[in-house]
file query-v7.txt (compact mmCIF, C-alpha atoms)
# COMPACT_ATOMS: atom_id res chain seq x y z
CA LYS D 26 72.21 75.12 82.03
CA THR D 27 72.17 71.56 83.42
CA ARG D 28 74.70 69.94 81.08
CA TYR D 29 77.22 72.83 81.01
CA PRO D 30 76.35 74.84 84.14
CA ARG D 31 79.56 76.91 84.12
CA LEU D 32 78.95 78.39 80.66
CA LYS D 33 77.08 81.70 80.51
CA SER D 34 75.63 80.66 77.14
CA ILE D 35 76.45 78.75 73.96
CA GLY D 36 76.36 80.45 70.59
CA TYR D 37 77.63 80.83 67.07
CA VAL D 38 79.72 83.54 65.41
CA GLN D 39 79.41 83.71 61.61
CA SER D 40 82.16 84.92 59.30
CA VAL D 41 80.78 87.37 56.72
CA GLU D 42 82.85 88.71 53.81
CA GLN D 43 83.04 92.49 53.69
CA LYS D 44 81.57 92.55 50.17
CA ASP D 45 78.50 90.67 51.48
CA PHE D 46 78.06 92.57 54.74
CA ARG D 47 75.59 95.22 53.51
CA ARG D 48 73.21 92.52 52.23
CA PHE D 49 73.71 90.54 55.44
CA GLU D 50 72.88 93.62 57.54
CA GLN D 51 69.71 94.28 55.55
CA SER D 52 68.58 90.69 56.12
CA TRP D 53 69.39 90.99 59.84
CA ASN D 54 67.41 94.21 60.24
CA ALA D 55 64.43 92.72 58.41
CA ARG D 56 64.46 89.78 60.81
CA TYR D 57 65.07 91.60 64.10
CA ARG D 58 63.80 95.12 63.17
CA GLY D 59 67.01 96.60 64.52
CA LYS D 60 66.63 95.10 68.00
CA PRO D 61 69.31 93.98 68.46
CA SER D 62 71.30 95.86 65.86
CA LEU D 63 74.64 94.77 64.44
CA ARG D 64 77.27 96.69 66.39
CA GLY D 65 80.86 96.68 67.50
CA TRP D 66 82.06 96.01 71.05
CA ASP D 67 82.22 99.75 71.75
CA GLY D 68 78.69 100.32 70.47
CA GLN D 69 79.98 101.92 67.29
CA ALA D 70 79.71 100.71 63.70
CA PRO D 71 81.10 97.18 63.14
CA ARG D 72 84.70 96.95 61.96
CA PRO D 73 86.14 94.21 59.72
CA THR D 74 89.38 92.30 60.06
CA ALA D 75 92.48 93.14 58.04
CA ASP D 76 91.47 90.45 55.52
CA HIS D 77 88.01 92.05 55.02
CA ARG D 78 85.72 89.89 57.15
CA TYR D 79 83.15 90.55 59.86
CA PHE D 80 82.67 88.07 62.72
CA VAL D 81 79.01 88.36 63.76
CA THR D 82 77.36 86.76 66.80
CA THR D 83 74.24 85.33 65.16
CA LEU D 84 73.01 82.72 67.66
CA LEU D 85 72.99 82.48 71.45
CA ALA D 86 71.23 80.14 73.84
CA PRO D 87 69.70 81.10 76.14
CA GLY D 88 68.92 84.03 73.84
CA GLU D 89 66.31 85.91 75.84
CA LYS D 90 67.67 89.40 76.63
CA ASN D 91 71.20 88.28 75.77
CA GLN D 92 73.17 91.47 75.21
CA ALA D 93 75.81 89.80 73.03
CA LEU D 94 73.44 88.87 70.18
CA GLY D 95 74.42 90.94 67.13
CA LEU D 96 77.84 91.77 68.54
CA VAL D 97 80.50 91.94 65.80
CA ILE D 98 83.69 90.70 67.47
CA SER D 99 86.05 91.27 64.52
CA GLY D 100 86.69 94.84 65.76
CA GLU D 101 87.65 93.83 69.32
CA PRO D 102 91.33 92.79 69.54
CA ARG D 103 91.16 89.97 72.10
CA ARG D 104 88.15 88.24 70.59
CA ARG D 105 89.51 88.69 67.06
CA ARG D 106 92.92 87.25 67.96
CA ALA D 107 91.33 84.17 69.55
CA ALA D 108 89.08 83.62 66.52
CA LEU D 109 91.95 83.90 64.04
CA GLU D 110 94.21 81.66 66.14
CA SER D 111 91.57 78.92 66.39
CA GLU D 112 90.94 79.20 62.65
CA ARG D 113 94.66 78.90 61.89
CA ASP D 114 95.17 75.89 64.18
CA ALA D 115 91.75 74.27 63.55
CA ALA D 116 91.45 73.80 67.31
CA PRO D 117 89.60 75.23 70.34
CA VAL D 118 91.19 78.43 71.65
CA LEU D 119 90.48 80.38 74.82
CA SER D 120 90.59 84.16 74.54
CA GLU D 121 92.62 86.40 76.80
CA PRO D 122 90.70 87.67 79.88
CA LEU D 123 87.95 90.08 78.87
CA GLN D 124 84.70 91.69 80.02
CA LEU D 125 81.60 89.70 79.12
CA LEU D 126 78.48 91.64 78.22
CA GLN D 127 76.48 89.02 80.14
CA ASP D 128 78.29 89.91 83.41
CA SER D 129 77.58 93.16 85.27
CA LYS D 130 80.22 92.66 88.01
CA ASN D 131 83.32 93.28 85.86
CA ARG D 132 84.83 89.87 86.64
CA ALA D 133 87.42 88.08 84.50
CA GLY D 134 85.64 86.36 81.63
CA PHE D 135 86.74 84.30 78.65
CA LEU D 136 85.44 83.23 75.30
CA LEU D 137 86.07 79.67 74.12
CA LEU D 138 85.97 79.41 70.32
CA LEU D 139 85.76 76.24 68.22
CA PRO D 140 86.11 76.82 64.44
CA VAL D 141 83.57 75.38 62.00
CA TYR D 142 84.56 74.58 58.40
CA GLY D 143 82.87 73.38 55.25
CA ASP D 144 84.20 70.40 53.30
CA LEU D 145 87.97 70.25 53.73
CA PRO D 146 90.31 68.70 51.13
CA ALA D 147 92.18 65.67 52.45
CA GLY D 148 95.69 66.71 53.41
CA GLY D 149 95.13 70.21 52.07
CA PRO D 150 95.21 73.57 53.85
CA VAL D 151 92.46 74.24 56.35
CA GLY D 152 91.47 77.59 54.85
CA ARG D 153 88.93 79.99 56.28
CA ALA D 154 86.36 79.04 58.88
CA LYS D 155 82.66 79.51 58.17
CA GLY D 156 82.24 80.50 61.79
CA TRP D 157 82.85 79.52 65.39
CA VAL D 158 80.89 77.79 68.13
CA ILE D 159 81.44 79.96 71.19
CA GLY D 160 81.13 79.45 74.93
CA PRO D 161 81.57 82.49 77.22
CA PHE D 162 82.25 81.79 80.88
CA LEU D 163 83.64 83.38 84.04
CA ILE D 164 86.85 82.17 85.64
CA ASP D 165 85.04 82.03 89.02
CA ASN D 166 82.47 79.61 87.60
CA LEU D 167 85.20 77.40 86.17
CA PHE D 168 87.22 76.99 89.36
CA HIS D 169 84.50 77.12 92.03
CA GLY D 170 83.25 73.61 92.61
CA LEU D 171 86.16 72.04 90.72
CA LEU D 172 88.45 72.42 93.70
CA SER D 173 88.42 69.66 96.26
CA LYS D 174 87.29 70.63 99.75
CA GLU D 175 90.47 71.64 101.54
CA SER D 176 88.67 72.82 104.74
CA GLY D 177 90.38 76.21 104.69
CA GLU D 178 93.88 74.79 105.10
CA VAL D 179 95.00 75.49 101.52
CA THR D 180 94.11 78.29 99.10
CA VAL D 181 94.47 78.32 95.33
CA SER D 182 94.97 81.28 93.00
CA ALA D 183 95.09 81.41 89.21
CA ARG D 184 97.00 83.97 87.15
CA TRP D 185 97.11 84.80 83.46
CA GLY D 186 100.75 84.61 82.45
CA SER D 187 103.61 84.34 84.92
CA GLY D 188 106.00 86.57 86.79
CA PRO D 189 105.52 90.13 88.10
CA GLY D 190 103.38 91.17 85.12
CA SER D 191 100.84 88.37 85.53
CA GLN D 192 97.15 89.16 86.16
CA LEU D 193 95.31 87.61 89.10
CA LEU D 194 92.16 85.90 87.83
CA PHE D 195 90.92 83.83 90.75
CA GLY D 196 91.58 83.30 94.45
CA SER D 197 89.82 80.67 96.56
CA GLY D 198 90.01 82.84 99.70
CA GLY D 199 90.99 82.09 103.26
CA GLY D 200 94.60 83.24 102.90
CA THR D 201 96.74 86.10 101.73
CA LEU D 202 98.67 86.49 98.50
CA ALA D 203 101.48 88.05 100.54
CA GLU D 204 102.33 84.56 101.73
CA PRO D 205 104.91 82.82 99.54
CA ALA D 206 103.43 80.12 97.34
CA ALA D 207 104.08 76.59 98.59
CA LEU D 208 103.66 75.27 95.06
CA ARG D 209 103.42 76.88 91.64
CA ARG D 210 102.56 75.21 88.33
CA SER D 211 102.20 76.67 84.83
CA PHE D 212 100.15 75.11 82.05
CA SER D 213 98.15 76.02 78.97
CA LEU D 214 94.35 75.73 78.87
CA TRP D 215 93.14 75.88 75.24
CA GLY D 216 96.13 78.06 74.36
CA LEU D 217 95.79 80.39 77.37
CA PRO D 218 98.89 80.46 79.63
CA LEU D 219 97.87 80.03 83.26
CA GLU D 220 99.86 79.83 86.48
CA LEU D 221 98.37 78.15 89.54
CA GLU D 222 99.63 78.84 93.05
CA TRP D 223 98.89 76.95 96.25
CA ARG D 224 99.37 78.58 99.67
CA LYS D 225 99.06 77.23 103.20
CA THR D 226 96.76 79.12 105.54
CA PRO D 227 97.25 79.49 109.34
CA ARG D 228 94.89 76.54 109.81
CA PHE D 229 97.36 74.36 107.94
CA TYR D 230 100.14 75.17 110.44
CA THR D 231 98.00 74.90 113.57
CA ARG D 232 96.39 71.58 112.70
CA LYS D 233 97.78 68.73 114.79
CA ASP D 234 97.02 66.15 112.12
CA ASN D 235 99.61 67.46 109.67
CA PHE D 236 99.33 64.39 107.44
CA THR D 237 95.64 65.14 106.79
CA ALA D 238 96.51 68.76 106.00
CA TRP D 239 99.08 67.67 103.43
CA LEU D 240 96.55 65.21 102.03
CA ALA D 241 94.11 68.10 101.52
CA PHE D 242 96.89 70.05 99.84
CA ALA D 243 97.59 67.20 97.43
CA GLY D 244 93.88 66.72 96.80
CA SER D 245 93.48 70.37 95.84
CA LEU D 246 96.36 70.10 93.38
CA ALA D 247 95.13 66.87 91.82
CA GLY D 248 91.54 68.06 91.67
CA LEU D 249 92.30 71.29 89.86
CA LEU D 250 94.68 69.76 87.33
CA LEU D 251 92.22 66.95 86.66
CA ALA D 252 89.43 69.52 86.24
CA ALA D 253 91.49 71.40 83.66
CA TRP D 254 92.12 68.18 81.74
CA VAL D 255 88.46 67.15 81.85
CA ALA D 256 87.40 70.62 80.69
CA SER D 257 89.73 70.45 77.69
CA ARG D 258 88.46 66.98 76.71
CA THR D 259 84.84 68.16 77.07
CA ALA D 260 85.45 71.02 74.64
CA GLU D 261 86.96 68.66 72.11
call {"tool": "encode", "arguments": {"input": "query-v7.txt", "output": "structure tokens"}}
result
Amino acid sequence: KTRYPRLKSIGYVQSVEQKDFRRFEQSWNARYRGKPSLRGWDGQAPRPTADHRYFVTTLLAPGEKNQALGLVISGEPRRRRAALESERDAAPVLSEPLQLLQDSKNRAGFLLLLPVYGDLPAGGPVGRAKGWVIGPFLIDNLFHGLLSKESGEVTVSARWGSGPGSQLLFGSGGGTLAEPAALRRSFSLWGLPLELEWRKTPRFYTRKDNFTAWLAFAGSLAGLLLAAWVASRTAE
């Protein structure tokens, strides 16, 4: 909580071959006595991937009352796609926006996955991952506190994707999205396409010291882009 305060938890997802899953489930039930049980995202029986694997959430910290322990993510499309993409590229990947079990307010959440392998042949194919280190977090927790203090003169919003079909993920408040964006930048954060928009609020236009207002605007831009870069280096 002190070193990575914006993460909801840190955990591990294990890849289990379909032929071994029954034995794995028996061992799990003997350890946890069915609480928690192995289950799919929808509460139904776990479902494997097309290549006959189950991706099981086996460790979480903090683990006390963590609802995601025992969750089999191979049957949920967004989590499965992120896991397979990170395995293919041998790199951290951020999932598409999704609902976290740890959050009761239905806010935009993400799952960061880092693949874990056994011994890899030099220069050879990466192969299948043994599992993934995971870090679920909320978009609000990522951006709040990373933005420089713009004193209400500039607002920032973040969208997944770009154009009319993009999904609003975060807004710093103090303005209206009906205002045209003064600046728009697109970038990729761990494989997730994001579009950032900066808007001037009425306080920006009414402030006599316009140079200071523009300085706050530039500080907000630099602060957020630097935060995204630092976050990516931290994950690596």
call {"tool": "residues_near_point", "arguments": {"input": "query-v7.txt", "point": "(91.0, 87.6, 91.0)", "cutoff": "12 Å", "atoms": "all atoms listed in the file", "output": "PDB file with C-alpha atoms, keeping the file's coordinate frame"}}
result
ATOM      1  CA  PRO D 122      90.700  87.670  79.880  1.00  0.00           C
ATOM      2  CA  ASN D 131      83.320  93.280  85.860  1.00  0.00           C
ATOM      3  CA  ARG D 132      84.830  89.870  86.640  1.00  0.00           C
ATOM      4  CA  ALA D 133      87.420  88.080  84.500  1.00  0.00           C
ATOM      5  CA  GLY D 134      85.640  86.360  81.630  1.00  0.00           C
ATOM      6  CA  LEU D 163      83.640  83.380  84.040  1.00  0.00           C
ATOM      7  CA  ILE D 164      86.850  82.170  85.640  1.00  0.00           C
ATOM      8  CA  ASP D 165      85.040  82.030  89.020  1.00  0.00           C
ATOM      9  CA  PHE D 168      87.220  76.990  89.360  1.00  0.00           C
ATOM     10  CA  VAL D 181      94.470  78.320  95.330  1.00  0.00           C
ATOM     11  CA  SER D 182      94.970  81.280  93.000  1.00  0.00           C
ATOM     12  CA  ALA D 183      95.090  81.410  89.210  1.00  0.00           C
ATOM     13  CA  ARG D 184      97.000  83.970  87.150  1.00  0.00           C
ATOM     14  CA  TRP D 185      97.110  84.800  83.460  1.00  0.00           C
ATOM     15  CA  SER D 191     100.840  88.370  85.530  1.00  0.00           C
ATOM     16  CA  GLN D 192      97.150  89.160  86.160  1.00  0.00           C
ATOM     17  CA  LEU D 193      95.310  87.610  89.100  1.00  0.00           C
ATOM     18  CA  LEU D 194      92.160  85.900  87.830  1.00  0.00           C
ATOM     19  CA  PHE D 195      90.920  83.830  90.750  1.00  0.00           C
ATOM     20  CA  GLY D 196      91.580  83.300  94.450  1.00  0.00           C
ATOM     21  CA  SER D 197      89.820  80.670  96.560  1.00  0.00           C
ATOM     22  CA  GLY D 198      90.010  82.840  99.700  1.00  0.00           C
ATOM     23  CA  LEU D 202      98.670  86.490  98.500  1.00  0.00           C
TER      24      LEU D 202
END
call {"tool": "residues_around", "arguments": {"input": "query-v7.txt", "residues": "Thr83 in chain D", "least_positions_apart": "6", "cutoff": "6 Å", "atoms": "only C-alpha atoms", "output": "list in words"}}
result
Tyr37, Val38 and Gly95 of chain D
call {"tool": "residues_around", "arguments": {"input": "query-v7.txt", "residues": "Pro218 in chain D", "least_positions_apart": "5", "cutoff": "7 Å", "atoms": "only C-alpha atoms", "output": "JSON list (two decimals) with C-alpha atoms, in the coordinates of the input"}}
result
[["chain", "number", "residue", "atom", "x", "y", "z"],
["D", 185, "TRP", "CA", 97.11, 84.80, 83.46],
["D", 186, "GLY", "CA", 100.75, 84.61, 82.45],
["D", 212, "PHE", "CA", 100.15, 75.11, 82.05],
["D", 213, "SER", "CA", 98.15, 76.02, 78.97]]
call {"tool": "atom_distance", "arguments": {"input": "query-v7.txt", "atom1": "CA of Thr74 in chain D", "atom2": "CA of Trp53 in chain D"}}
result
20.0 Å
call {"tool": "closest_residue", "arguments": {"input": "query-v7.txt", "among": "D:Thr226, D:Glu101, D:Gly36, D:Leu84", "to": "Val158 in chain D", "atoms": "all atoms listed in the file"}}
result
D:Gly36
call {"tool": "atom_distance", "arguments": {"input": "query-v7.txt", "atom1": "CA of Arg209 in chain D", "atom2": "CA of Ser120 in chain D"}}
result
22.6 Å
call {"tool": "atom_distance", "arguments": {"input": "query-v7.txt", "atom1": "CA of Gly152 in chain D", "atom2": "CA of Gly65 in chain D"}}
result
25.2 Å
call {"tool": "closest_residue", "arguments": {"input": "query-v7.txt", "among": "D:Ala75, D:Val41, D:Leu217, D:Leu63", "to": "Ser111 in chain D", "atoms": "only C-alpha atoms"}}
result
D:Leu217
call {"tool": "closest_residue", "arguments": {"input": "query-v7.txt", "among": "D:Pro140, D:Gly100, D:Pro61, D:Pro73", "to": "Leu119 in chain D", "atoms": "only C-alpha atoms"}}
result
D:Pro140
call {"tool": "closest_residue", "arguments": {"input": "query-v7.txt", "among": "D:Asp67, D:Glu112, D:Glu121, D:Glu222", "to": "Val141 in chain D", "atoms": "only C-alpha atoms"}}
result
D:Glu112
